[in-house]
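File shown: protein_13.txt (compact mmCIF, C-alpha atoms).
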```
# COMPACT_ATOMS: atom_id res chain seq x y z
CA MET A 1347 86.82 84.60 81.18
CA ILE A 1348 84.43 81.95 82.54
CA PHE A 1349 87.04 80.84 85.08
CA TYR A 1350 87.34 84.36 86.45
CA ILE A 1351 83.55 84.44 86.78
CA VAL A 1352 83.67 81.14 88.65
CA THR A 1353 86.23 82.45 91.15
CA ALA A 1354 84.24 85.67 91.56
CA GLY A 1355 81.10 83.65 92.20
CA ILE A 1356 82.84 81.54 94.84
CA ALA A 1357 84.20 84.65 96.55
CA GLY A 1358 80.71 86.18 96.51
CA LEU A 1359 79.01 83.09 97.91
CA VAL A 1360 81.52 82.63 100.72
CA SER A 1361 81.54 86.35 101.53
CA PHE A 1362 77.73 86.46 101.70
CA SER A 1363 77.49 83.30 103.82
CA PHE A 1364 80.04 84.42 106.38
CA SER A 1365 78.58 87.95 106.40
CA LEU A 1366 75.28 86.45 107.55
CA ILE A 1367 77.03 84.36 110.19
CA ILE A 1368 79.09 87.27 111.50
CA TRP A 1369 76.05 89.55 111.55
CA LYS A 1370 73.98 87.08 113.54
CA LEU A 1371 76.80 86.34 116.01
CA SER A 1372 77.66 90.02 116.41
CA THR A 1373 74.03 90.93 117.01
CA ARG A 1374 73.52 88.09 119.47
CA PHE A 1375 76.63 88.84 121.53
CA ARG A 1376 76.51 92.62 120.97
CA LEU A 1377 79.87 92.75 119.21
CA TYR A 1378 79.58 96.29 117.97
CA PRO A 1379 81.15 99.60 119.05
CA LYS A 1380 79.43 102.72 120.24
CA ILE A 1381 78.31 105.33 117.71
CA ARG A 1382 80.93 108.02 117.13
CA ALA A 1383 80.28 111.71 116.54
CA ARG A 1384 81.35 111.47 112.88
CA ASP A 1385 79.17 108.42 112.11
CA VAL A 1386 76.18 108.81 109.82
CA HIS A 1387 74.23 105.82 111.17
CA THR A 1388 72.13 106.20 114.31
CA ARG A 1389 72.09 102.67 115.67
CA PRO A 1390 74.98 100.42 116.77
CA THR A 1391 76.07 98.20 113.87
CA PRO A 1392 78.62 95.34 113.77
CA ARG A 1393 81.86 96.20 111.99
CA LEU A 1394 83.46 92.83 111.29
CA GLY A 1395 82.24 92.34 107.72
CA GLY A 1396 85.81 92.61 106.47
CA VAL A 1397 86.51 89.20 107.98
CA ALA A 1398 83.80 87.64 105.77
CA MET A 1399 85.25 89.35 102.71
CA PHE A 1400 88.72 88.08 103.52
CA LEU A 1401 87.45 84.51 103.88
CA GLY A 1402 85.74 84.84 100.50
CA VAL A 1403 89.03 85.97 98.93
CA VAL A 1404 91.01 83.12 100.50
CA VAL A 1405 88.54 80.42 99.44
CA ALA A 1406 88.33 81.83 95.91
CA PHE A 1407 92.12 81.76 95.53
CA ALA A 1408 92.21 78.24 96.91
CA VAL A 1409 89.61 77.00 94.42
CA GLY A 1410 91.33 78.88 91.60
CA SER A 1411 94.49 76.86 92.17
CA PHE A 1412 92.61 73.78 90.97
CA LEU A 1413 91.46 75.39 87.70
CA PRO A 1414 93.94 74.45 84.92
CA PRO A 1415 93.50 77.62 82.82
CA LEU A 1416 94.60 79.68 85.84
CA ALA A 1417 97.73 77.62 86.44
CA ILE A 1418 99.89 80.41 85.06
CA VAL A 1419 98.88 82.60 87.98
CA TYR A 1420 99.99 79.99 90.48
CA SER A 1421 103.23 79.24 88.65
CA GLN A 1422 104.80 81.90 90.86
CA PRO A 1423 103.47 80.95 94.31
CA ALA A 1424 105.44 83.72 96.00
CA HIS A 1425 103.02 86.25 94.51
CA ILE A 1426 99.98 84.40 95.85
CA TRP A 1427 101.40 83.77 99.31
CA GLY A 1428 102.66 87.33 99.54
CA LEU A 1429 99.26 88.69 98.55
CA LEU A 1430 97.33 86.50 100.99
CA GLY A 1431 99.88 87.07 103.76
CA SER A 1432 99.69 90.84 103.43
CA ALA A 1433 95.89 90.60 103.25
CA LEU A 1434 95.84 88.61 106.49
CA MET A 1435 98.08 91.19 108.17
CA ILE A 1436 95.93 94.09 107.11
CA VAL A 1437 92.70 92.36 108.16
CA LEU A 1438 94.13 91.61 111.62
CA ILE A 1439 95.17 95.25 111.96
CA GLY A 1440 91.72 96.38 110.85
CA VAL A 1441 89.92 94.05 113.26
CA ALA A 1442 92.13 95.24 116.13
CA ASP A 1443 91.33 98.84 115.22
CA ASP A 1444 87.61 98.12 114.96
CA ILE A 1445 87.66 96.56 118.44
CA TRP A 1446 90.25 98.60 120.36
CA ASP A 1447 90.55 101.78 118.24
CA LEU A 1448 94.32 101.75 117.64
CA ASP A 1449 96.30 104.97 117.39
CA TRP A 1450 97.19 106.15 113.89
CA LEU A 1451 100.92 105.46 114.26
CA THR A 1452 100.32 101.79 115.08
CA LYS A 1453 97.95 101.42 112.13
CA LEU A 1454 100.41 103.10 109.77
CA ALA A 1455 103.23 100.83 110.93
CA GLY A 1456 101.08 97.77 110.26
CA GLN A 1457 100.12 99.06 106.83
CA LEU A 1458 103.76 99.64 105.92
CA LEU A 1459 104.66 96.10 106.98
CA ALA A 1460 101.81 94.60 104.93
CA ALA A 1461 102.78 96.69 101.91
CA ALA A 1462 106.44 95.71 102.29
CA LEU A 1463 105.48 92.03 102.40
CA LEU A 1464 103.48 92.38 99.19
CA ALA A 1465 106.36 94.18 97.46
CA TRP A 1466 108.89 91.64 98.75
CA SER A 1467 106.82 88.82 97.24
CA GLY A 1468 107.46 90.27 93.79
CA ILE A 1469 104.33 92.32 93.12
CA GLN A 1470 106.11 95.60 92.41
CA PHE A 1471 106.28 98.46 89.97
CA LEU A 1472 109.13 97.50 87.67
CA SER A 1473 108.86 100.32 85.15
CA PHE A 1474 106.74 103.26 84.07
CA PRO A 1475 105.63 104.19 80.56
CA LEU A 1476 106.16 107.88 79.89
CA PRO A 1477 105.13 109.74 76.72
CA LYS A 1478 107.80 111.24 74.51
CA LEU A 1479 107.69 115.00 74.39
CA PHE A 1480 109.16 115.08 70.91
CA GLY A 1481 108.84 112.82 67.93
CA ALA A 1482 111.25 109.95 67.47
CA GLY A 1483 112.56 108.32 64.38
CA ASP A 1484 111.22 104.92 65.40
CA GLY A 1485 107.69 106.29 65.53
CA SER A 1486 107.12 105.21 69.13
CA ARG A 1487 104.99 107.41 71.37
CA SER A 1488 106.54 106.51 74.72
CA VAL A 1489 109.63 105.39 76.53
CA ILE A 1490 109.88 102.81 79.30
CA VAL A 1491 111.58 104.06 82.45
CA THR A 1492 113.00 101.11 84.38
CA LEU A 1493 113.18 101.49 88.15
CA ALA A 1494 116.08 100.55 90.35
CA PRO A 1495 115.26 97.86 92.96
CA TRP A 1496 115.12 100.34 95.85
CA GLN A 1497 112.97 102.73 93.80
CA SER A 1498 110.60 99.92 92.93
CA LEU A 1499 110.25 98.92 96.59
CA VAL A 1500 109.71 102.45 97.89
CA ILE A 1501 107.22 103.47 95.22
CA THR A 1502 105.29 100.22 95.58
CA VAL A 1503 104.97 100.55 99.36
CA ILE A 1504 103.92 104.20 99.14
CA VAL A 1505 101.26 103.49 96.52
CA ILE A 1506 99.81 100.55 98.46
CA VAL A 1507 99.57 102.53 101.71
CA LEU A 1508 98.11 105.51 99.85
CA VAL A 1509 95.38 103.45 98.17
CA MET A 1510 94.51 101.57 101.36
CA ASN A 1511 94.00 104.80 103.30
CA ALA A 1512 92.15 106.47 100.43
CA ILE A 1513 89.63 103.62 100.33
CA ASN A 1514 89.36 103.63 104.12
CA PHE A 1515 88.64 107.36 104.13
CA ILE A 1516 85.51 107.05 101.99
CA ASP A 1517 84.07 104.22 104.09
CA GLY A 1518 81.37 106.36 105.68
CA LEU A 1519 78.11 105.49 103.91
CA ASP A 1520 76.27 102.20 103.54
CA GLY A 1521 77.40 100.36 100.42
CA LEU A 1522 79.80 103.09 99.30
CA VAL A 1523 83.14 101.25 99.34
CA SER A 1524 81.66 97.99 98.02
CA GLY A 1525 79.93 99.72 95.11
CA VAL A 1526 82.91 101.88 94.19
CA ALA A 1527 85.16 98.80 94.27
CA ILE A 1528 82.75 96.83 92.05
CA ILE A 1529 82.57 99.63 89.46
CA ALA A 1530 86.30 100.40 89.51
CA ASN A 1531 87.42 96.78 89.34
CA GLY A 1532 84.85 95.99 86.68
CA VAL A 1533 86.34 98.70 84.46
CA PHE A 1534 89.86 97.59 85.32
CA SER A 1535 89.03 93.99 84.42
CA VAL A 1536 87.85 95.10 80.98
CA TYR A 1537 91.11 97.01 80.54
CA VAL A 1538 93.28 94.05 81.55
CA PHE A 1539 91.32 91.70 79.30
CA ALA A 1540 91.65 94.11 76.36
CA ILE A 1541 95.41 94.46 76.60
CA SER A 1542 96.04 90.77 77.28
CA SER A 1543 93.84 89.17 74.64
CA GLY A 1544 95.38 90.75 71.56
CA PRO A 1545 98.81 90.68 69.92
CA THR A 1546 100.54 91.50 73.22
CA GLY A 1547 99.60 88.04 74.47
CA GLN A 1548 98.93 86.95 78.03
CA SER A 1549 101.40 86.72 80.85
CA ASP A 1550 101.29 85.86 84.51
CA TYR A 1551 101.05 89.55 85.36
CA PHE A 1552 97.92 90.06 83.32
CA ASN A 1553 96.25 86.95 84.67
CA LEU A 1554 97.15 87.80 88.25
CA ALA A 1555 95.67 91.27 87.93
CA GLN A 1556 92.52 89.88 86.33
CA LEU A 1557 92.14 87.23 89.03
CA ILE A 1558 92.59 89.71 91.87
CA SER A 1559 89.98 92.03 90.34
CA ALA A 1560 87.52 89.19 89.77
CA VAL A 1561 87.89 87.85 93.32
CA LEU A 1562 87.53 91.34 94.82
CA ILE A 1563 84.39 92.03 92.77
CA GLY A 1564 82.90 88.76 93.99
CA ALA A 1565 83.73 89.47 97.64
CA CYS A 1566 82.16 92.94 97.42
CA VAL A 1567 79.04 91.68 95.64
CA GLY A 1568 78.58 89.02 98.32
CA PHE A 1569 78.97 91.55 101.12
CA LEU A 1570 76.85 94.33 99.60
CA PRO A 1571 73.38 92.88 100.44
CA LEU A 1572 74.06 93.23 104.16
CA ASN A 1573 75.80 96.57 103.70
CA TRP A 1574 73.14 98.26 101.57
CA HIS A 1575 71.25 101.09 103.24
CA PRO A 1576 70.14 100.65 105.96
CA ALA A 1577 73.21 98.51 106.63
CA ARG A 1578 73.08 95.58 109.00
CA LEU A 1579 76.84 95.00 108.81
CA PHE A 1580 79.84 97.23 108.13
CA MET A 1581 83.12 96.07 106.60
CA GLY A 1582 85.06 98.17 109.11
CA ASP A 1583 88.70 99.08 108.71
CA ALA A 1584 89.48 95.41 108.06
CA GLY A 1585 87.31 95.38 104.95
CA ALA A 1586 88.18 98.86 103.68
CA LEU A 1587 91.92 98.28 104.02
CA LEU A 1588 91.56 94.86 102.38
CA VAL A 1589 89.74 96.39 99.41
CA GLY A 1590 92.44 99.05 99.09
CA LEU A 1591 95.22 96.47 99.29
CA LEU A 1592 93.71 94.25 96.60
CA MET A 1593 92.95 97.18 94.30
CA ALA A 1594 96.53 98.40 94.64
CA ALA A 1595 97.88 94.89 94.06
CA SER A 1596 95.88 94.37 90.87
CA THR A 1597 96.99 97.74 89.54
CA ILE A 1598 100.65 97.13 90.35
CA ALA A 1599 100.49 93.64 88.83
CA VAL A 1600 99.77 95.09 85.40
CA THR A 1601 100.96 98.72 85.35
CA GLY A 1602 104.45 98.96 83.94
CA GLN A 1603 104.55 95.31 82.90
CA ILE A 1604 103.65 95.97 79.25
CA ASP A 1605 105.02 98.07 76.44
CA PRO A 1606 102.43 100.84 75.92
CA ASN A 1607 103.54 101.27 72.31
CA ARG A 1608 101.96 97.89 71.58
CA LEU A 1609 98.57 98.98 72.90
CA GLU A 1610 97.93 100.47 69.48
CA GLU A 1611 98.35 96.98 68.02
CA THR A 1612 95.80 95.57 70.48
CA VAL A 1613 93.02 98.15 70.66
CA GLY A 1614 92.35 101.63 69.38
CA SER A 1615 94.12 103.31 66.50
CA ALA A 1616 97.44 104.95 65.81
CA ARG A 1617 95.72 108.35 65.78
CA GLN A 1618 94.96 108.14 69.46
CA LEU A 1619 97.00 110.34 71.76
CA PHE A 1620 96.61 108.44 75.00
CA PRO A 1621 97.57 104.77 74.59
CA ALA A 1622 100.94 105.33 76.21
CA LEU A 1623 99.35 107.09 79.17
CA ILE A 1624 96.50 104.67 79.84
CA PRO A 1625 98.55 102.35 82.13
CA LEU A 1626 99.25 105.36 84.35
CA LEU A 1627 95.99 107.30 84.05
CA LEU A 1628 93.45 104.50 84.43
CA PRO A 1629 94.48 103.58 88.00
CA PHE A 1630 93.98 107.21 89.00
CA ALA A 1631 90.65 107.35 87.18
CA ILE A 1632 89.19 104.29 88.90
CA LEU A 1633 90.32 105.72 92.26
CA VAL A 1634 89.28 109.29 91.57
CA VAL A 1635 86.76 109.50 94.43
CA PRO A 1636 88.94 107.92 97.14
CA LEU A 1637 92.07 109.81 96.10
CA LEU A 1638 90.25 113.14 95.91
CA ASP A 1639 88.71 112.64 99.34
CA PHE A 1640 92.05 111.51 100.75
CA GLY A 1641 93.90 114.50 99.31
CA LEU A 1642 91.36 117.02 100.55
CA ALA A 1643 91.34 115.43 104.01
CA ILE A 1644 95.14 115.58 104.30
CA ILE A 1645 95.24 119.23 103.23
CA ARG A 1646 92.35 120.14 105.52
CA ARG A 1647 93.86 118.51 108.58
CA LEU A 1648 97.40 119.77 108.03
CA ARG A 1649 96.14 123.33 107.62
CA ALA A 1650 94.31 122.95 110.92
CA GLY A 1651 97.53 121.76 112.57
CA LYS A 1652 96.19 118.24 113.11
CA SER A 1653 97.44 114.79 112.26
CA PRO A 1654 96.53 113.66 108.71
CA PHE A 1655 94.87 110.63 110.30
CA THR A 1656 92.65 112.63 112.66
CA ALA A 1657 89.01 111.69 112.14
CA ASP A 1658 86.50 114.37 111.21
CA ARG A 1659 83.11 114.81 109.60
CA LYS A 1660 84.11 116.70 106.46
CA HIS A 1661 84.61 113.92 103.93
CA LEU A 1662 82.98 114.10 100.49
CA HIS A 1663 80.07 111.90 101.55
CA HIS A 1664 79.46 114.10 104.60
CA ARG A 1665 79.42 117.18 102.40
CA LEU A 1666 76.88 115.59 100.06
CA LEU A 1667 74.61 114.90 103.01
CA ASP A 1668 75.05 118.47 104.24
CA MET A 1669 74.09 119.76 100.78
CA GLY A 1670 70.71 118.07 101.11
CA HIS A 1671 71.23 114.72 99.40
CA SER A 1672 69.72 111.67 101.00
CA HIS A 1673 71.94 108.81 102.08
CA LEU A 1674 71.06 106.76 99.01
CA HIS A 1675 71.46 109.69 96.62
CA ALA A 1676 74.91 110.51 98.03
CA VAL A 1677 76.06 106.93 97.47
CA LEU A 1678 74.69 106.83 93.93
CA ILE A 1679 76.33 110.16 93.10
CA LEU A 1680 79.74 108.89 94.20
CA TYR A 1681 79.09 105.74 92.15
CA ALA A 1682 78.38 107.99 89.17
CA TRP A 1683 81.60 109.97 89.60
CA THR A 1684 83.60 106.75 89.76
CA GLY A 1685 81.88 105.35 86.69
CA ALA A 1686 82.18 108.54 84.65
CA ALA A 1687 85.90 108.93 85.31
CA SER A 1688 86.91 105.29 84.93
CA ILE A 1689 84.69 104.40 81.96
CA GLY A 1690 85.62 107.68 80.29
CA MET A 1691 89.31 106.86 80.57
CA LEU A 1692 88.72 103.34 79.29
CA LEU A 1693 87.00 104.68 76.18
CA PHE A 1694 90.30 106.09 74.94
CA LEU A 1695 91.35 102.51 74.20
CA PHE A 1696 88.39 101.76 71.96
CA ILE A 1697 87.25 104.92 70.16
CA ASP A 1698 88.82 108.02 68.66
CA THR A 1699 90.42 110.41 71.16
CA TRP A 1700 88.04 113.31 70.58
CA TRP A 1701 84.91 111.18 70.93
CA ALA A 1702 86.26 109.61 74.10
CA ALA A 1703 87.10 113.05 75.49
CA LEU A 1704 83.62 114.33 74.62
CA ALA A 1705 81.93 111.36 76.30
CA THR A 1706 84.08 111.80 79.40
CA VAL A 1707 83.35 115.51 79.66
CA LEU A 1708 79.62 114.97 79.21
CA GLY A 1709 79.62 112.32 81.93
CA LEU A 1710 81.45 114.61 84.35
CA VAL A 1711 79.13 117.51 83.55
CA VAL A 1712 76.06 115.38 84.28
CA CYS A 1713 77.62 114.28 87.57
CA THR A 1714 78.32 117.89 88.48
CA ILE A 1715 74.72 118.95 87.76
CA VAL A 1716 73.29 116.11 89.83
CA THR A 1717 75.71 116.83 92.66
CA LEU A 1718 74.83 120.53 92.86
CA ALA A 1719 71.08 120.11 92.30
CA PRO A 1720 70.02 120.48 95.97
CA LEU A 1721 71.71 123.87 96.26
CA SER A 1722 68.95 125.66 94.33
CA ARG A 1723 66.32 124.25 96.69
CA ARG A 1724 68.36 125.18 99.74
CA LYS A 1725 68.94 128.68 98.39
CA ALA A 1726 65.21 129.24 98.00
CA ILE A 1727 64.48 127.91 101.47
CA GLU A 1728 67.26 130.01 103.00
CA SER A 1729 65.77 133.05 101.26
CA VAL A 1730 62.47 132.34 103.00
CA ALA A 1731 64.16 131.88 106.37
CA GLN A 1732 66.18 135.07 106.12
CA SER A 1733 63.43 137.32 104.74
CA MET A 1734 60.67 136.28 107.16
CA ASP A 1735 59.43 138.72 109.74
CA ALA A 1736 60.77 137.44 113.04
CA ASP A 1737 57.34 137.84 114.62
CA ALA A 1738 55.49 136.02 111.87
CA ALA A 1739 53.92 132.71 112.78
CA GLU A 1740 55.44 131.11 109.72
CA ALA A 1741 58.94 132.05 110.85
CA ALA A 1742 59.12 129.06 113.13
CA VAL A 1743 58.32 126.78 110.21
CA VAL A 1744 61.25 127.87 108.07
CA ALA A 1745 63.76 129.14 110.64
CA ARG A 1746 65.35 125.74 111.02
CA PHE A 1747 66.32 125.82 107.34
CA ASP A 1748 68.50 128.89 107.82
CA PRO A 1749 72.13 127.70 107.59
CA LEU A 1750 73.11 130.45 110.04
CA ASP A 1751 71.07 128.74 112.73
CA ALA A 1752 72.63 126.09 114.92
CA ALA A 1753 69.88 123.74 113.82
CA SER A 1754 71.25 123.46 110.30
CA GLU A 1755 72.73 120.01 110.87
CA PRO A 1756 72.21 117.11 108.41
CA ASP A 1757 69.23 115.80 110.37
CA ALA A 1758 67.60 119.21 109.97
CA GLU A 1759 67.74 119.14 106.21
CA PRO A 1760 64.32 119.86 104.70
CA SER A 1761 62.27 117.01 103.41
CA ASP A 1762 60.53 117.34 100.05
CA SER A 1763 57.22 118.22 101.74
CA ALA A 1764 58.87 120.73 104.07
CA ALA A 1765 60.73 122.29 101.16
CA ALA A 1766 57.51 122.60 99.16
CA ALA A 1767 55.78 124.27 102.12
CA ALA A 1768 58.61 126.74 102.55
CA LEU A 1769 58.60 127.62 98.84
CA ASP A 1770 54.85 128.07 98.97
CA LEU A 1771 55.27 130.57 101.79
CA LEU A 1772 57.85 132.43 99.74
CA GLN A 1773 55.53 132.62 96.73
CA LYS A 1774 52.68 133.93 98.88
CA LYS A 1775 54.96 136.52 100.42
CA GLU A 1776 56.14 137.71 97.00
CA GLY A 1777 52.57 137.75 95.69
CA SER A 1778 51.36 139.97 98.49
CA ALA A 1779 54.28 142.38 98.09
```

Written as structure tokens, how would this file's structure read?
Amino acid sequence: MIFYIVTAGIAGLVSFSFSLIIWKLSTRFRLYPKIRARDVHTRPTPRLGGVAMFLGVVVAFAVGSFLPPLAIVYSQPAHIWGLLGSALMIVLIGVADDIWDLDWLTKLAGQLLAAALLAWSGIQFLSFPLPKLFGAGDGSRSVIVTLAPWQSLVITVIVIVLVMNAINFIDGLDGLVSGVAIIANGVFSVYVFAISSGPTGQSDYFNLAQLISAVLIGACVGFLPLNWHPARLFMGDAGALLVGLLMAASTIAVTGQIDPNRLEETVGSARQLFPALIPLLLPFAILVVPLLDFGLAIIRRLRAGKSPFTADRKHLHHRLLDMGHSHLHAVLILYAWTGAASIGMLLFLFIDTWWAALATVLGLVVCTIVTLAPLSRRKAIESVAQSMDADAAEAAVVARFDPLDAASEPDAEPSDSAAAAALDLLQKKEGSA
């Protein structure tokens, strides 16, 4: 494990160093785009942080090749070169989009090529573990469905493109993608370590997945200081697509490469119901926020008769801001959802099914309460705004909090002091009634 920490540290150090350099150069030469209507930030900010993250990844993989315990990862160089080659392709596409704003068809074509290169290098879904619906004489809980070569290629490419775009879709708040990636890959690293350190033994697949996760965590940690609110540097499409590509690659490198029936020999107990499903469910759990946002965006845009890649201001993070959450609170809430779903799923490997389910449900309930908390305050303020006499002097104070008014944009959300004043007016009004 120490060698993974070393590679993560190198990725973080290089990513941080080049982030500083890129930020200073971009600021000096004004290498930043204009603010778009859907952007949350209010000042022009450089978007080339993804380049620094990519350099951190490359240097970390280069140093890792000199570490003897990681030699098994590099025993199949096609995997490494395919991964780095596809990463370079996707970063170049992202940089071009950040500078020239490419059309969605060009970006999709580039993503498909990068995904195909990664699959061609050998990082593919080879099989899927599926649970048995009925008991079997051998006592196994699952069956392994082996994919044909063309099925493996198609499914792998689709999954990679899906994850890349899902991650890119949530890149709208300072520190959001970096933090979600750190949490998700941290949980995934624990999972890979758990299934590869027991009776199932280690293989190149397990080590490759662990190394990719470690390097990605390091790159995100190194970039996060300059991306934390208020951000001085954005990762841009180059960084978001790179994060999505590496997360998909680490998942593919381990999912379907093990026999889920042996998970019971490694961790957990035979009474558990989910060991066979963990290799399939955990990737969805760690990507719950990006995939949910991506799915809702696709449905929303198709229903409106628009392209699925049309930009808008209705993503999950935008909705949290519109509900009354601050920028920081919105980011932390999405962190919490990612942590609750991914850690909850991981618990099924270590504790009894019912306790793991209870812990997961409690975590999701807490997240729901925190997410919806501002609605009660807004409801009270809206009550004041709608019940005020139009001629009253106080009406002007609270009118801007009425969601029916055109002024009910995110920047018109009530502050704590304004909310307290509006509630005080409501109490006085009710007291005099």

Residues within 9 Å of stretch 1625-1639 of chain A, only C-alpha atoms, excluding chain neighbours under 2 positions, as a PDB file with C-alpha atoms, in the coordinates of the input:
```
ATOM      1  CA  PHE A1474     106.740 103.260  84.070  1.00  0.00           C
ATOM      2  CA  PRO A1475     105.630 104.190  80.560  1.00  0.00           C
ATOM      3  CA  LEU A1476     106.160 107.880  79.890  1.00  0.00           C
ATOM      4  CA  LEU A1508      98.110 105.510  99.850  1.00  0.00           C
ATOM      5  CA  VAL A1509      95.380 103.450  98.170  1.00  0.00           C
ATOM      6  CA  ASN A1511      94.000 104.800 103.300  1.00  0.00           C
ATOM      7  CA  ALA A1512      92.150 106.470 100.430  1.00  0.00           C
ATOM      8  CA  ILE A1513      89.630 103.620 100.330  1.00  0.00           C
ATOM      9  CA  ASN A1514      89.360 103.630 104.120  1.00  0.00           C
ATOM     10  CA  PHE A1515      88.640 107.360 104.130  1.00  0.00           C
ATOM     11  CA  ILE A1516      85.510 107.050 101.990  1.00  0.00           C
ATOM     12  CA  VAL A1526      82.910 101.880  94.190  1.00  0.00           C
ATOM     13  CA  ALA A1527      85.160  98.800  94.270  1.00  0.00           C
ATOM     14  CA  ILE A1529      82.570  99.630  89.460  1.00  0.00           C
ATOM     15  CA  ALA A1530      86.300 100.400  89.510  1.00  0.00           C
ATOM     16  CA  ASN A1531      87.420  96.780  89.340  1.00  0.00           C
ATOM     17  CA  VAL A1533      86.340  98.700  84.460  1.00  0.00           C
ATOM     18  CA  PHE A1534      89.860  97.590  85.320  1.00  0.00           C
ATOM     19  CA  TYR A1537      91.110  97.010  80.540  1.00  0.00           C
ATOM     20  CA  ALA A1594      96.530  98.400  94.640  1.00  0.00           C
ATOM     21  CA  THR A1597      96.990  97.740  89.540  1.00  0.00           C
ATOM     22  CA  VAL A1600      99.770  95.090  85.400  1.00  0.00           C
ATOM     23  CA  THR A1601     100.960  98.720  85.350  1.00  0.00           C
ATOM     24  CA  GLY A1602     104.450  98.960  83.940  1.00  0.00           C
ATOM     25  CA  ILE A1604     103.650  95.970  79.250  1.00  0.00           C
ATOM     26  CA  PRO A1606     102.430 100.840  75.920  1.00  0.00           C
ATOM     27  CA  PRO A1621      97.570 104.770  74.590  1.00  0.00           C
ATOM     28  CA  ALA A1622     100.940 105.330  76.210  1.00  0.00           C
ATOM     29  CA  LEU A1623      99.350 107.090  79.170  1.00  0.00           C
ATOM     30  CA  GLY A1641      93.900 114.500  99.310  1.00  0.00           C
ATOM     31  CA  LEU A1642      91.360 117.020 100.550  1.00  0.00           C
ATOM     32  CA  ALA A1643      91.340 115.430 104.010  1.00  0.00           C
ATOM     33  CA  ILE A1644      95.140 115.580 104.300  1.00  0.00           C
ATOM     34  CA  HIS A1661      84.610 113.920 103.930  1.00  0.00           C
ATOM     35  CA  LEU A1662      82.980 114.100 100.490  1.00  0.00           C
ATOM     36  CA  HIS A1663      80.070 111.900 101.550  1.00  0.00           C
ATOM     37  CA  LEU A1680      79.740 108.890  94.200  1.00  0.00           C
ATOM     38  CA  TYR A1681      79.090 105.740  92.150  1.00  0.00           C
ATOM     39  CA  TRP A1683      81.600 109.970  89.600  1.00  0.00           C
ATOM     40  CA  THR A1684      83.600 106.750  89.760  1.00  0.00           C
ATOM     41  CA  GLY A1685      81.880 105.350  86.690  1.00  0.00           C
ATOM     42  CA  ALA A1686      82.180 108.540  84.650  1.00  0.00           C
ATOM     43  CA  ALA A1687      85.900 108.930  85.310  1.00  0.00           C
ATOM     44  CA  SER A1688      86.910 105.290  84.930  1.00  0.00           C
ATOM     45  CA  ILE A1689      84.690 104.400  81.960  1.00  0.00           C
ATOM     46  CA  GLY A1690      85.620 107.680  80.290  1.00  0.00           C
ATOM     47  CA  MET A1691      89.310 106.860  80.570  1.00  0.00           C
ATOM     48  CA  LEU A1692      88.720 103.340  79.290  1.00  0.00           C
TER      49      LEU A1692
END
```

Atomic separation - atom CA of A:Ile1504 relative to atom CA of A:Arg1659, Å: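 So the answer is 25.6 Å.
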
Which of A:Ile1445, A:Leu1557, A:Phe1349, A:Phe1400 sits closest to A:Pro1414 [using all atoms listed in the file]: A:Phe1349

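Each of A:Leu1493, A:Cys1713, A:Met1399, A:Ile1439 was compared to A:Leu1366 using all atoms listed in the file, and A:Met1399 turns out to be the nearest.
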
Proximity to A:Ala1461 - best of A:Val1500, A:Ile1679, A:Ile1645, A:Met1347, all atoms listed in the file: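 Comparing A:Val1500, A:Ile1679, A:Ile1645, A:Met1347 against A:Ala1461, the winner is A:Val1500.
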
Shell around A:Val1561 at 8 Å using all atoms listed in the file, local window under 3 positions removed, as a list in words: Tyr1350, Thr1353, Ala1354, Ala1357, Val1403, Ala1406, Phe1407, Leu1557, Ile1558, Gly1564 and Ala1565 of chain A
